[in-house]
>>> print(open('query_34.pdb').read())   # PDB, C-alpha atoms
ATOM      1  CA  GLU A  21       8.577  -2.340 -18.061
ATOM      2  CA  THR A  22      12.373  -2.490 -17.928
ATOM      3  CA  GLY A  23      12.832  -5.913 -16.345
ATOM      4  CA  VAL A  24      13.915  -4.345 -13.059
ATOM      5  CA  THR A  25      11.387  -4.241 -10.237
ATOM      6  CA  GLN A  26      11.589  -2.442  -6.925
ATOM      7  CA  THR A  27       9.512  -2.802  -3.784
ATOM      8  CA  PRO A  28       8.056  -0.990  -2.058
ATOM      9  CA  ARG A  29       7.321   1.904  -4.372
ATOM     10  CA  HIS A  30       6.707   4.241  -1.460
ATOM     11  CA  LEU A  31       7.979   4.038   2.112
ATOM     12  CA  VAL A  32       7.528   6.292   5.110
ATOM     13  CA  MET A  33       9.653   5.518   8.147
ATOM     14  CA  GLY A  34      10.669   7.061  11.409
ATOM     15  CA  MET A  35      14.266   7.713  12.326
ATOM     16  CA  THR A  36      14.356   4.742  14.692
ATOM     17  CA  ASN A  37      12.838   2.237  12.259
ATOM     18  CA  LYS A  38      14.607  -0.485  10.324
ATOM     19  CA  LYS A  39      13.374  -1.191   6.826
ATOM     20  CA  SER A  40      14.658  -2.780   3.634
ATOM     21  CA  LEU A  41      14.332  -1.919  -0.033
ATOM     22  CA  LYS A  42      14.262  -4.753  -2.522
ATOM     23  CA  CYS A  43      15.328  -4.854  -6.146
ATOM     24  CA  GLU A  44      15.002  -7.753  -8.567
ATOM     25  CA  GLN A  45      16.154  -7.959 -12.175
ATOM     26  CA  HIS A  46      14.867 -10.474 -14.711
ATOM     27  CA  LEU A  47      17.426  -9.695 -17.404
ATOM     28  CA  GLY A  48      20.196 -12.144 -16.613
ATOM     29  CA  HIS A  49      22.574  -9.290 -15.826
ATOM     30  CA  ASN A  50      25.636  -9.616 -13.626
ATOM     31  CA  ALA A  51      25.920  -6.105 -12.219
ATOM     32  CA  MET A  52      23.498  -4.230  -9.989
ATOM     33  CA  TYR A  53      23.552  -0.695  -8.657
ATOM     34  CA  TRP A  54      21.922   1.509  -6.023
ATOM     35  CA  TYR A  55      21.477   5.222  -6.750
ATOM     36  CA  LYS A  56      20.034   8.027  -4.651
ATOM     37  CA  GLN A  57      18.194  10.997  -6.146
ATOM     38  CA  SER A  58      17.417  13.808  -3.734
ATOM     39  CA  ALA A  59      15.063  16.601  -4.696
ATOM     40  CA  LYS A  60      16.507  18.775  -7.459
ATOM     41  CA  LYS A  61      19.890  17.015  -7.333
ATOM     42  CA  PRO A  62      21.556  14.715  -9.862
ATOM     43  CA  LEU A  63      21.542  10.989  -9.345
ATOM     44  CA  GLU A  64      24.270   9.824  -6.989
ATOM     45  CA  LEU A  65      25.768   6.363  -7.290
ATOM     46  CA  MET A  66      25.798   4.596  -3.916
ATOM     47  CA  PHE A  67      26.877   0.988  -4.428
ATOM     48  CA  VAL A  68      27.901  -1.336  -7.239
ATOM     49  CA  TYR A  69      27.795  -5.115  -7.169
ATOM     50  CA  ASN A  70      29.376  -7.211  -9.870
ATOM     51  CA  PHE A  71      28.832 -10.980  -9.793
ATOM     52  CA  LYS A  72      27.484 -10.594  -6.217
ATOM     53  CA  GLU A  73      30.655  -8.862  -5.015
ATOM     54  CA  GLN A  74      30.583  -5.230  -3.932
ATOM     55  CA  THR A  75      32.961  -3.349  -6.180
ATOM     56  CA  GLU A  76      32.111   0.198  -5.231
ATOM     57  CA  ASN A  77      30.918   2.009  -2.118
ATOM     58  CA  ASN A  78      30.688   5.696  -2.898
ATOM     59  CA  SER A  79      31.373   6.907   0.676
ATOM     60  CA  VAL A  80      27.870   5.972   1.776
ATOM     61  CA  PRO A  81      27.073   6.274   5.516
ATOM     62  CA  SER A  82      26.862   2.971   7.379
ATOM     63  CA  ARG A  83      23.174   3.484   8.116
ATOM     64  CA  PHE A  84      22.722   2.224   4.538
ATOM     65  CA  SER A  85      23.691  -1.434   4.277
ATOM     66  CA  PRO A  86      23.487  -3.223   0.926
ATOM     67  CA  GLU A  87      23.129  -6.942   0.408
ATOM     68  CA  CYS A  88      23.393  -8.935  -2.808
ATOM     69  CA  PRO A  89      22.568 -12.603  -2.220
ATOM     70  CA  ASN A  90      22.679 -13.444  -5.929
ATOM     71  CA  SER A  91      23.009 -11.674  -9.261
ATOM     72  CA  SER A  92      19.252 -11.169  -9.550
ATOM     73  CA  HIS A  93      18.499  -9.631  -6.172
ATOM     74  CA  LEU A  94      19.746  -6.553  -4.386
ATOM     75  CA  PHE A  95      18.648  -5.169  -1.048
ATOM     76  CA  LEU A  96      19.274  -1.909   0.750
ATOM     77  CA  HIS A  97      18.842  -2.199   4.499
ATOM     78  CA  LEU A  98      18.032   1.046   6.251
ATOM     79  CA  HIS A  99      18.400   1.890   9.943
ATOM     80  CA  THR A 100      18.450   5.064  12.010
ATOM     81  CA  LEU A 101      18.018   7.250   8.962
ATOM     82  CA  GLN A 102      17.840  11.021   9.028
ATOM     83  CA  PRO A 103      15.226  13.259   7.399
ATOM     84  CA  GLU A 104      17.817  14.345   4.820
ATOM     85  CA  ASP A 105      17.922  10.740   3.606
ATOM     86  CA  SER A 106      14.464  11.236   2.135
ATOM     87  CA  ALA A 107      14.874  10.686  -1.595
ATOM     88  CA  LEU A 108      14.084   8.476  -4.563
ATOM     89  CA  TYR A 109      16.214   5.324  -4.376
ATOM     90  CA  LEU A 110      16.818   3.713  -7.718
ATOM     91  CA  CYS A 111      18.133   0.285  -8.553
ATOM     92  CA  ALA A 112      19.706  -0.549 -11.894
ATOM     93  CA  SER A 113      21.344  -3.505 -13.583
ATOM     94  CA  SER A 114      23.724  -3.988 -16.471
ATOM     95  CA  GLN A 115      25.276  -6.905 -18.253
ATOM     96  CA  ASP A 116      28.675  -6.440 -16.677
ATOM     97  CA  GLY A 117      29.766  -3.756 -14.241
ATOM     98  CA  ALA A 118      33.456  -4.261 -14.810
ATOM     99  CA  SER A 119      33.233  -3.066 -18.387
ATOM    100  CA  GLY A 120      31.747   0.287 -17.476
ATOM    101  CA  GLY A 121      28.088  -0.646 -17.311
ATOM    102  CA  GLY A 122      27.103   2.080 -19.742
ATOM    103  CA  GLU A 123      23.799   0.553 -20.741
ATOM    104  CA  GLN A 124      21.904   0.254 -17.504
ATOM    105  CA  PHE A 125      18.293  -0.674 -16.926
ATOM    106  CA  PHE A 126      16.611   1.150 -14.076
ATOM    107  CA  GLY A 127      13.754   0.193 -11.848
ATOM    108  CA  PRO A 128      10.912   2.607 -11.046
ATOM    109  CA  GLY A 129      12.462   3.560  -7.710
ATOM    110  CA  THR A 130      11.328   3.662  -4.098
ATOM    111  CA  ARG A 131      10.215   7.050  -2.813
ATOM    112  CA  LEU A 132      11.466   7.168   0.773
ATOM    113  CA  THR A 133      10.308   9.685   3.349
ATOM    114  CA  VAL A 134      12.027   9.779   6.735
ATOM    115  CA  LEU A 135      10.071  11.536   9.460
TER     116      LEU A 135
ATOM    117  CA  ASP B   9      34.758  18.753 -13.384
ATOM    118  CA  ALA B  10      31.753  18.087 -15.569
ATOM    119  CA  LYS B  11      32.611  16.152 -18.701
ATOM    120  CA  THR B  12      29.530  17.386 -20.563
ATOM    121  CA  THR B  13      27.656  20.655 -20.951
ATOM    122  CA  GLN B  14      23.971  20.792 -21.811
ATOM    123  CA  PRO B  15      21.439  23.618 -21.906
ATOM    124  CA  PRO B  16      19.288  23.504 -18.783
ATOM    125  CA  SER B  17      15.988  23.586 -20.649
ATOM    126  CA  MET B  18      14.434  23.489 -24.105
ATOM    127  CA  ASP B  19      10.951  23.564 -25.599
ATOM    128  CA  CYS B  20       9.801  21.786 -28.738
ATOM    129  CA  ALA B  21       6.448  21.728 -30.514
ATOM    130  CA  GLU B  22       4.650  18.424 -30.643
ATOM    131  CA  GLY B  23       5.267  16.617 -33.924
ATOM    132  CA  ARG B  24       8.481  18.506 -34.653
ATOM    133  CA  ALA B  25      12.001  17.171 -34.341
ATOM    134  CA  ALA B  26      13.642  17.828 -30.985
ATOM    135  CA  ASN B  27      17.383  18.457 -31.243
ATOM    136  CA  LEU B  28      19.238  18.288 -27.950
ATOM    137  CA  PRO B  29      22.863  19.454 -27.992
ATOM    138  CA  CYS B  30      25.719  18.315 -25.786
ATOM    139  CA  ASN B  31      29.282  19.576 -25.590
ATOM    140  CA  HIS B  32      32.026  17.190 -24.518
ATOM    141  CA  SER B  33      35.189  18.931 -25.651
ATOM    142  CA  THR B  34      37.508  16.898 -23.394
ATOM    143  CA  ILE B  35      36.235  13.494 -24.501
ATOM    144  CA  SER B  36      38.909  10.794 -24.734
ATOM    145  CA  GLY B  37      39.385   8.440 -27.639
ATOM    146  CA  ASN B  38      37.954   5.468 -25.759
ATOM    147  CA  GLU B  39      34.919   7.262 -24.349
ATOM    148  CA  TYR B  40      31.442   6.730 -25.701
ATOM    149  CA  VAL B  41      28.600   9.237 -25.673
ATOM    150  CA  TYR B  42      25.516   7.919 -23.893
ATOM    151  CA  TRP B  43      22.068   9.462 -23.706
ATOM    152  CA  TYR B  44      19.479   8.707 -21.056
ATOM    153  CA  ARG B  45      16.212  10.362 -20.185
ATOM    154  CA  GLN B  46      14.167  10.533 -17.009
ATOM    155  CA  ILE B  47      10.475  11.126 -17.092
ATOM    156  CA  HIS B  48       9.162  12.735 -13.928
ATOM    157  CA  SER B  49       9.363  10.436 -10.871
ATOM    158  CA  GLN B  50      10.510   7.437 -12.916
ATOM    159  CA  GLY B  51      13.868   5.742 -13.271
ATOM    160  CA  PRO B  52      16.204   6.876 -16.058
ATOM    161  CA  GLN B  53      15.802   5.171 -19.419
ATOM    162  CA  TYR B  54      18.673   4.355 -21.759
ATOM    163  CA  ILE B  55      18.170   5.888 -25.207
ATOM    164  CA  ILE B  56      21.246   5.419 -27.363
ATOM    165  CA  HIS B  57      25.033   5.547 -27.381
ATOM    166  CA  GLY B  58      27.822   5.952 -29.895
ATOM    167  CA  LEU B  59      31.566   6.280 -30.297
ATOM    168  CA  LYS B  60      32.184   8.250 -33.478
ATOM    169  CA  ASN B  61      29.673   7.148 -36.089
ATOM    170  CA  ASN B  62      26.128   8.409 -36.149
ATOM    171  CA  GLU B  63      23.668   5.990 -34.638
ATOM    172  CA  THR B  64      19.931   5.452 -34.997
ATOM    173  CA  ASN B  65      17.462   3.247 -33.195
ATOM    174  CA  GLU B  66      13.715   3.142 -32.719
ATOM    175  CA  MET B  67      13.824   5.941 -30.176
ATOM    176  CA  ALA B  68      16.270   8.481 -31.526
ATOM    177  CA  SER B  69      19.271   9.395 -33.654
ATOM    178  CA  LEU B  70      22.668  10.415 -32.336
ATOM    179  CA  ILE B  71      24.838  12.703 -34.412
ATOM    180  CA  ILE B  72      28.464  13.027 -33.269
ATOM    181  CA  THR B  73      30.703  15.675 -34.829
ATOM    182  CA  GLU B  74      33.813  14.552 -36.627
ATOM    183  CA  ASP B  75      36.082  15.929 -33.897
ATOM    184  CA  ARG B  76      33.807  14.224 -31.307
ATOM    185  CA  LYS B  77      33.666  17.379 -29.204
ATOM    186  CA  SER B  78      29.916  17.655 -29.401
ATOM    187  CA  SER B  79      26.845  15.629 -30.246
ATOM    188  CA  THR B  80      23.132  16.052 -30.852
ATOM    189  CA  LEU B  81      20.332  13.746 -29.854
ATOM    190  CA  ILE B  82      17.424  13.925 -32.275
ATOM    191  CA  LEU B  83      13.892  12.825 -31.460
ATOM    192  CA  PRO B  84      12.399  12.895 -34.978
ATOM    193  CA  HIS B  85       8.719  13.429 -34.141
ATOM    194  CA  ALA B  86       8.377  14.579 -30.558
ATOM    195  CA  THR B  87       5.269  13.616 -28.597
ATOM    196  CA  LEU B  88       4.027  14.815 -25.237
ATOM    197  CA  ARG B  89       5.421  11.612 -23.706
ATOM    198  CA  ASP B  90       8.915  12.760 -24.640
ATOM    199  CA  THR B  91       8.762  15.490 -22.003
ATOM    200  CA  ALA B  92      11.617  14.536 -19.664
ATOM    201  CA  VAL B  93      15.099  15.415 -18.477
ATOM    202  CA  TYR B  94      17.689  14.245 -20.998
ATOM    203  CA  TYR B  95      21.197  13.367 -19.843
ATOM    204  CA  CYS B  96      24.304  13.252 -22.021
ATOM    205  CA  ILE B  97      27.088  11.181 -20.445
ATOM    206  CA  VAL B  98      30.567  10.286 -21.672
ATOM    207  CA  LEU B  99      31.922   6.981 -20.468
ATOM    208  CA  ALA B 100      34.689   4.579 -21.359
ATOM    209  CA  ASN B 101      33.280   1.106 -21.868
ATOM    210  CA  PHE B 102      36.222  -0.562 -20.180
ATOM    211  CA  GLY B 103      37.674   0.170 -16.785
ATOM    212  CA  ASN B 104      36.199   1.431 -13.560
ATOM    213  CA  GLU B 105      34.298   4.443 -14.829
ATOM    214  CA  LYS B 106      30.657   4.537 -13.882
ATOM    215  CA  LEU B 107      27.701   6.503 -15.218
ATOM    216  CA  THR B 108      27.715  10.005 -13.783
ATOM    217  CA  PHE B 109      24.484  11.919 -14.230
ATOM    218  CA  GLY B 110      24.671  15.698 -14.375
ATOM    219  CA  THR B 111      21.711  18.061 -14.394
ATOM    220  CA  GLY B 112      20.727  17.371 -18.004
ATOM    221  CA  THR B 113      18.339  19.266 -20.267
ATOM    222  CA  ARG B 114      14.701  19.543 -19.287
ATOM    223  CA  LEU B 115      12.812  19.105 -22.569
ATOM    224  CA  THR B 116       9.204  20.229 -22.628
ATOM    225  CA  ILE B 117       7.041  19.245 -25.584
ATOM    226  CA  ILE B 118       4.422  21.902 -26.262
ATOM    227  CA  PRO B 119       1.033  20.759 -27.622
TER     228      PRO B 119
END
>>> encode(input="query_34.pdb", output="structure tokens")
Amino acid sequence: ETGVTQTPRHLVMGMTNKKSLKCEQHLGHNAMYWYKQSAKKPLELMFVYNFKEQTENNSVPSRFSPECPNSSHLFLHLHTLQPEDSALYLCASSQDGASGGGEQFFGPGTRLTVL
Amino acid sequence: DAKTTQPPSMDCAEGRAANLPCNHSTISGNEYVYWYRQIHSQGPQYIIHGLKNNETNEMASLIITEDRKSSTLILPHATLRDTAVYYCIVLANFGNEKLTFGTGTRLTIIP
């Protein structure tokens, strides 16, 4: 148990569906992150939020829309995804993203399958 | 360009020390060495980090060479639960750098 929870753990969706991934951290951290891990590929950073403000968007397609209503919650809204978006989506938090965020705590991930 | 180089895979007998090497010959003076691991289908787990001194915690020891161009992560008594992919990452603790995960070393603990 890392103090970072993600729901749902598994999600199957069609290309026309809209769904959301949720992440919650109970660590009092100020930075939160979304990563994508496709099969047999390294983790890719998608978005960074620091004190609820988005500080990094790593050229992510607009069909992925993040939302950070407060420092403890992070969402990833999904719409009109493609099969190649099937992957493990991981959320992480750290004390402060501006200072590098080297020590990050990861959630268990959401395994997404797009049909 | 990758900042670190790690062997793609290693085996270690259960109960023995697992020594995982990492080369980071272009490391800058303000960059730390971080180690994470990822057990199959789980999120990565922070293990340890250091700047230039050797470090030890309840999970592992980190040995950094004097010239800081390489390091070794040591799991003193490997168990089957240590089977995972281990990532060595160099990162400055100040500024806009973010964790960048490479392909790591797949460590398999053999019973």
>>> resolve_selection(input="query_34.pdb", expression="the PyMOL selection byres ((chain B and resi 67) around 8)", output="PDB file with C-alpha atoms, in the coordinates of the input")
ATOM      1  CA  ILE B  55      18.170   5.888 -25.207  1.00  0.00           C
ATOM      2  CA  ILE B  56      21.246   5.419 -27.363  1.00  0.00           C
ATOM      3  CA  THR B  64      19.931   5.452 -34.997  1.00  0.00           C
ATOM      4  CA  ASN B  65      17.462   3.247 -33.195  1.00  0.00           C
ATOM      5  CA  GLU B  66      13.715   3.142 -32.719  1.00  0.00           C
ATOM      6  CA  ALA B  68      16.270   8.481 -31.526  1.00  0.00           C
ATOM      7  CA  SER B  69      19.271   9.395 -33.654  1.00  0.00           C
ATOM      8  CA  LEU B  83      13.892  12.825 -31.460  1.00  0.00           C
TER       9      LEU B  83
END
>>> interface_residues(input="query_34.pdb", of="chain A", to="chain B", cutoff="9 Å", atoms="all atoms listed in the file", output="PyMOL selection string")
chain A and resi 22+60-65+108+110-112+117-129+131
>>> resolve_selection(input="query_34.pdb", expression="the PyMOL selection byres ((chain B and resi 77) around 12)", output="PyMOL selection string")
chain B and resi 11-13+29-37+39-41+59-60+71-76+78-80+98
>>> residues_around(input="query_34.pdb", residues="Glu73 of chain A", least_positions_apart="5", cutoff="12 Å", atoms="only C-alpha atoms", output="tab-separated table (two decimals) with C-alpha atoms, in the coordinates of the input")
chain	number	residue	atom	x	y	z
A	50	ASN	CA	25.64	-9.62	-13.63
A	51	ALA	CA	25.92	-6.10	-12.22
A	52	MET	CA	23.50	-4.23	-9.99
A	53	TYR	CA	23.55	-0.70	-8.66
A	67	PHE	CA	26.88	0.99	-4.43
A	68	VAL	CA	27.90	-1.34	-7.24
A	86	PRO	CA	23.49	-3.22	0.93
A	87	GLU	CA	23.13	-6.94	0.41
A	88	CYS	CA	23.39	-8.94	-2.81
A	89	PRO	CA	22.57	-12.60	-2.22
A	90	ASN	CA	22.68	-13.44	-5.93
A	91	SER	CA	23.01	-11.67	-9.26
A	94	LEU	CA	19.75	-6.55	-4.39
A	117	GLY	CA	29.77	-3.76	-14.24
A	118	ALA	CA	33.46	-4.26	-14.81
>>> atom_distance(input="query_34.pdb", atom1="atom CA of Phe95 of chain A", atom2="atom CA of Ser40 of chain A")
6.6 Å
>>> atom_distance(input="query_34.pdb", atom1="atom CA of Asn37 of chain A", atom2="atom CA of Thr75 of chain A")
27.9 Å
>>> atom_distance(input="query_34.pdb", atom1="atom CA of Trp54 of chain A", atom2="atom CA of Ser113 of chain A")
9.1 Å
>>> decode(input="query_34.pdb", residues="segment 29-59 of chain B", atoms="N, CA, C and O atoms", output="PDB file, in the first residue's frame")
ATOM      1  N   PRO B  29      24.222  -3.475 -11.571  1.00  0.00           N
ATOM      2  CA  PRO B  29      25.076  -2.353 -11.970  1.00  0.00           C
ATOM      3  C   PRO B  29      24.346  -1.335 -12.834  1.00  0.00           C
ATOM      4  O   PRO B  29      23.358  -1.648 -13.509  1.00  0.00           O
ATOM      5  N   CYS B  30      24.871  -0.123 -12.821  1.00  0.00           N
ATOM      6  CA  CYS B  30      24.341   0.949 -13.666  1.00  0.00           C
ATOM      7  C   CYS B  30      25.487   1.884 -14.036  1.00  0.00           C
ATOM      8  O   CYS B  30      26.252   2.307 -13.167  1.00  0.00           O
ATOM      9  N   ASN B  31      25.604   2.178 -15.310  1.00  0.00           N
ATOM     10  CA  ASN B  31      26.591   3.147 -15.771  1.00  0.00           C
ATOM     11  C   ASN B  31      25.910   4.475 -16.071  1.00  0.00           C
ATOM     12  O   ASN B  31      24.864   4.503 -16.734  1.00  0.00           O
ATOM     13  N   HIS B  32      26.494   5.535 -15.578  1.00  0.00           N
ATOM     14  CA  HIS B  32      25.974   6.887 -15.838  1.00  0.00           C
ATOM     15  C   HIS B  32      27.157   7.826 -15.995  1.00  0.00           C
ATOM     16  O   HIS B  32      27.365   8.729 -15.178  1.00  0.00           O
ATOM     17  N   SER B  33      27.932   7.597 -17.042  1.00  0.00           N
ATOM     18  CA  SER B  33      29.213   8.281 -17.212  1.00  0.00           C
ATOM     19  C   SER B  33      29.081   9.772 -17.481  1.00  0.00           C
ATOM     20  O   SER B  33      30.045  10.518 -17.317  1.00  0.00           O
ATOM     21  N   THR B  34      27.900  10.235 -17.888  1.00  0.00           N
ATOM     22  CA  THR B  34      27.725  11.664 -18.188  1.00  0.00           C
ATOM     23  C   THR B  34      26.979  12.390 -17.077  1.00  0.00           C
ATOM     24  O   THR B  34      26.501  13.507 -17.281  1.00  0.00           O
ATOM     25  N   ILE B  35      26.914  11.800 -15.901  1.00  0.00           N
ATOM     26  CA  ILE B  35      26.165  12.388 -14.800  1.00  0.00           C
ATOM     27  C   ILE B  35      26.747  13.758 -14.432  1.00  0.00           C
ATOM     28  O   ILE B  35      27.971  13.949 -14.431  1.00  0.00           O
ATOM     29  N   SER B  36      25.851  14.711 -14.136  1.00  0.00           N
ATOM     30  CA  SER B  36      26.281  16.044 -13.745  1.00  0.00           C
ATOM     31  C   SER B  36      26.418  16.128 -12.224  1.00  0.00           C
ATOM     32  O   SER B  36      25.887  15.291 -11.506  1.00  0.00           O
ATOM     33  N   GLY B  37      27.115  17.171 -11.789  1.00  0.00           N
ATOM     34  CA  GLY B  37      27.387  17.306 -10.369  1.00  0.00           C
ATOM     35  C   GLY B  37      26.151  17.434  -9.501  1.00  0.00           C
ATOM     36  O   GLY B  37      26.179  17.066  -8.322  1.00  0.00           O
ATOM     37  N   ASN B  38      25.057  17.940 -10.063  1.00  0.00           N
ATOM     38  CA  ASN B  38      23.849  18.129  -9.265  1.00  0.00           C
ATOM     39  C   ASN B  38      22.824  17.014  -9.474  1.00  0.00           C
ATOM     40  O   ASN B  38      21.686  17.127  -9.028  1.00  0.00           O
ATOM     41  N   GLU B  39      23.204  15.975 -10.158  1.00  0.00           N
ATOM     42  CA  GLU B  39      22.263  14.878 -10.423  1.00  0.00           C
ATOM     43  C   GLU B  39      22.425  13.744  -9.427  1.00  0.00           C
ATOM     44  O   GLU B  39      23.538  13.308  -9.138  1.00  0.00           O
ATOM     45  N   TYR B  40      21.291  13.291  -8.926  1.00  0.00           N
ATOM     46  CA  TYR B  40      21.243  12.155  -8.027  1.00  0.00           C
ATOM     47  C   TYR B  40      21.065  10.867  -8.830  1.00  0.00           C
ATOM     48  O   TYR B  40      20.557  10.877  -9.960  1.00  0.00           O
ATOM     49  N   VAL B  41      21.378   9.757  -8.200  1.00  0.00           N
ATOM     50  CA  VAL B  41      21.092   8.440  -8.762  1.00  0.00           C
ATOM     51  C   VAL B  41      19.910   7.859  -7.997  1.00  0.00           C
ATOM     52  O   VAL B  41      19.958   7.734  -6.763  1.00  0.00           O
ATOM     53  N   TYR B  42      18.848   7.555  -8.726  1.00  0.00           N
ATOM     54  CA  TYR B  42      17.647   6.972  -8.133  1.00  0.00           C
ATOM     55  C   TYR B  42      17.497   5.531  -8.630  1.00  0.00           C
ATOM     56  O   TYR B  42      17.807   5.211  -9.767  1.00  0.00           O
ATOM     57  N   TRP B  43      16.955   4.696  -7.757  1.00  0.00           N
ATOM     58  CA  TRP B  43      16.599   3.338  -8.155  1.00  0.00           C
ATOM     59  C   TRP B  43      15.137   3.091  -7.818  1.00  0.00           C
ATOM     60  O   TRP B  43      14.664   3.408  -6.717  1.00  0.00           O
ATOM     61  N   TYR B  44      14.446   2.525  -8.800  1.00  0.00           N
ATOM     62  CA  TYR B  44      13.065   2.089  -8.649  1.00  0.00           C
ATOM     63  C   TYR B  44      12.996   0.632  -9.111  1.00  0.00           C
ATOM     64  O   TYR B  44      13.859   0.148  -9.847  1.00  0.00           O
ATOM     65  N   ARG B  45      11.936  -0.036  -8.712  1.00  0.00           N
ATOM     66  CA  ARG B  45      11.677  -1.355  -9.271  1.00  0.00           C
ATOM     67  C   ARG B  45      10.192  -1.479  -9.590  1.00  0.00           C
ATOM     68  O   ARG B  45       9.356  -0.772  -9.010  1.00  0.00           O
ATOM     69  N   GLN B  46       9.884  -2.375 -10.513  1.00  0.00           N
ATOM     70  CA  GLN B  46       8.504  -2.606 -10.906  1.00  0.00           C
ATOM     71  C   GLN B  46       8.262  -4.097 -10.975  1.00  0.00           C
ATOM     72  O   GLN B  46       8.812  -4.783 -11.852  1.00  0.00           O
ATOM     73  N   ILE B  47       7.474  -4.551 -10.030  1.00  0.00           N
ATOM     74  CA  ILE B  47       7.048  -5.942 -10.044  1.00  0.00           C
ATOM     75  C   ILE B  47       5.936  -6.067 -11.085  1.00  0.00           C
ATOM     76  O   ILE B  47       5.160  -5.140 -11.286  1.00  0.00           O
ATOM     77  N   HIS B  48       5.865  -7.213 -11.712  1.00  0.00           N
ATOM     78  CA  HIS B  48       4.970  -7.418 -12.843  1.00  0.00           C
ATOM     79  C   HIS B  48       3.563  -6.882 -12.598  1.00  0.00           C
ATOM     80  O   HIS B  48       2.928  -7.205 -11.598  1.00  0.00           O
ATOM     81  N   SER B  49       3.105  -6.016 -13.517  1.00  0.00           N
ATOM     82  CA  SER B  49       1.740  -5.472 -13.512  1.00  0.00           C
ATOM     83  C   SER B  49       1.432  -4.599 -12.303  1.00  0.00           C
ATOM     84  O   SER B  49       0.259  -4.381 -11.994  1.00  0.00           O
ATOM     85  N   GLN B  50       2.460  -4.119 -11.619  1.00  0.00           N
ATOM     86  CA  GLN B  50       2.240  -3.167 -10.523  1.00  0.00           C
ATOM     87  C   GLN B  50       2.893  -1.834 -10.871  1.00  0.00           C
ATOM     88  O   GLN B  50       3.649  -1.734 -11.839  1.00  0.00           O
ATOM     89  N   GLY B  51       2.609  -0.818 -10.066  1.00  0.00           N
ATOM     90  CA  GLY B  51       3.286   0.455 -10.259  1.00  0.00           C
ATOM     91  C   GLY B  51       4.719   0.392  -9.771  1.00  0.00           C
ATOM     92  O   GLY B  51       5.058  -0.423  -8.908  1.00  0.00           O
ATOM     93  N   PRO B  52       5.604   1.223 -10.316  1.00  0.00           N
ATOM     94  CA  PRO B  52       6.984   1.263  -9.836  1.00  0.00           C
ATOM     95  C   PRO B  52       7.047   1.621  -8.353  1.00  0.00           C
ATOM     96  O   PRO B  52       6.171   2.316  -7.828  1.00  0.00           O
ATOM     97  N   GLN B  53       8.099   1.154  -7.715  1.00  0.00           N
ATOM     98  CA  GLN B  53       8.309   1.375  -6.286  1.00  0.00           C
ATOM     99  C   GLN B  53       9.666   2.020  -6.086  1.00  0.00           C
ATOM    100  O   GLN B  53      10.689   1.491  -6.558  1.00  0.00           O
ATOM    101  N   TYR B  54       9.704   3.138  -5.402  1.00  0.00           N
ATOM    102  CA  TYR B  54      10.969   3.792  -5.072  1.00  0.00           C
ATOM    103  C   TYR B  54      11.776   2.887  -4.143  1.00  0.00           C
ATOM    104  O   TYR B  54      11.233   2.286  -3.196  1.00  0.00           O
ATOM    105  N   ILE B  55      13.089   2.785  -4.404  1.00  0.00           N
ATOM    106  CA  ILE B  55      13.942   1.974  -3.540  1.00  0.00           C
ATOM    107  C   ILE B  55      14.872   2.861  -2.728  1.00  0.00           C
ATOM    108  O   ILE B  55      14.890   2.823  -1.504  1.00  0.00           O
ATOM    109  N   ILE B  56      15.685   3.656  -3.423  1.00  0.00           N
ATOM    110  CA  ILE B  56      16.746   4.389  -2.744  1.00  0.00           C
ATOM    111  C   ILE B  56      17.300   5.436  -3.702  1.00  0.00           C
ATOM    112  O   ILE B  56      17.101   5.330  -4.916  1.00  0.00           O
ATOM    113  N   HIS B  57      17.967   6.454  -3.172  1.00  0.00           N
ATOM    114  CA  HIS B  57      18.686   7.377  -4.036  1.00  0.00           C
ATOM    115  C   HIS B  57      19.895   7.922  -3.300  1.00  0.00           C
ATOM    116  O   HIS B  57      19.962   7.856  -2.063  1.00  0.00           O
ATOM    117  N   GLY B  58      20.847   8.444  -4.067  1.00  0.00           N
ATOM    118  CA  GLY B  58      22.045   9.008  -3.471  1.00  0.00           C
ATOM    119  C   GLY B  58      22.716   9.988  -4.406  1.00  0.00           C
ATOM    120  O   GLY B  58      22.459   9.991  -5.607  1.00  0.00           O
ATOM    121  N   LEU B  59      23.601  10.798  -3.833  1.00  0.00           N
ATOM    122  CA  LEU B  59      24.337  11.788  -4.616  1.00  0.00           C
ATOM    123  C   LEU B  59      25.775  11.337  -4.838  1.00  0.00           C
ATOM    124  O   LEU B  59      26.223  11.189  -5.981  1.00  0.00           O
TER     125      LEU B  59
END
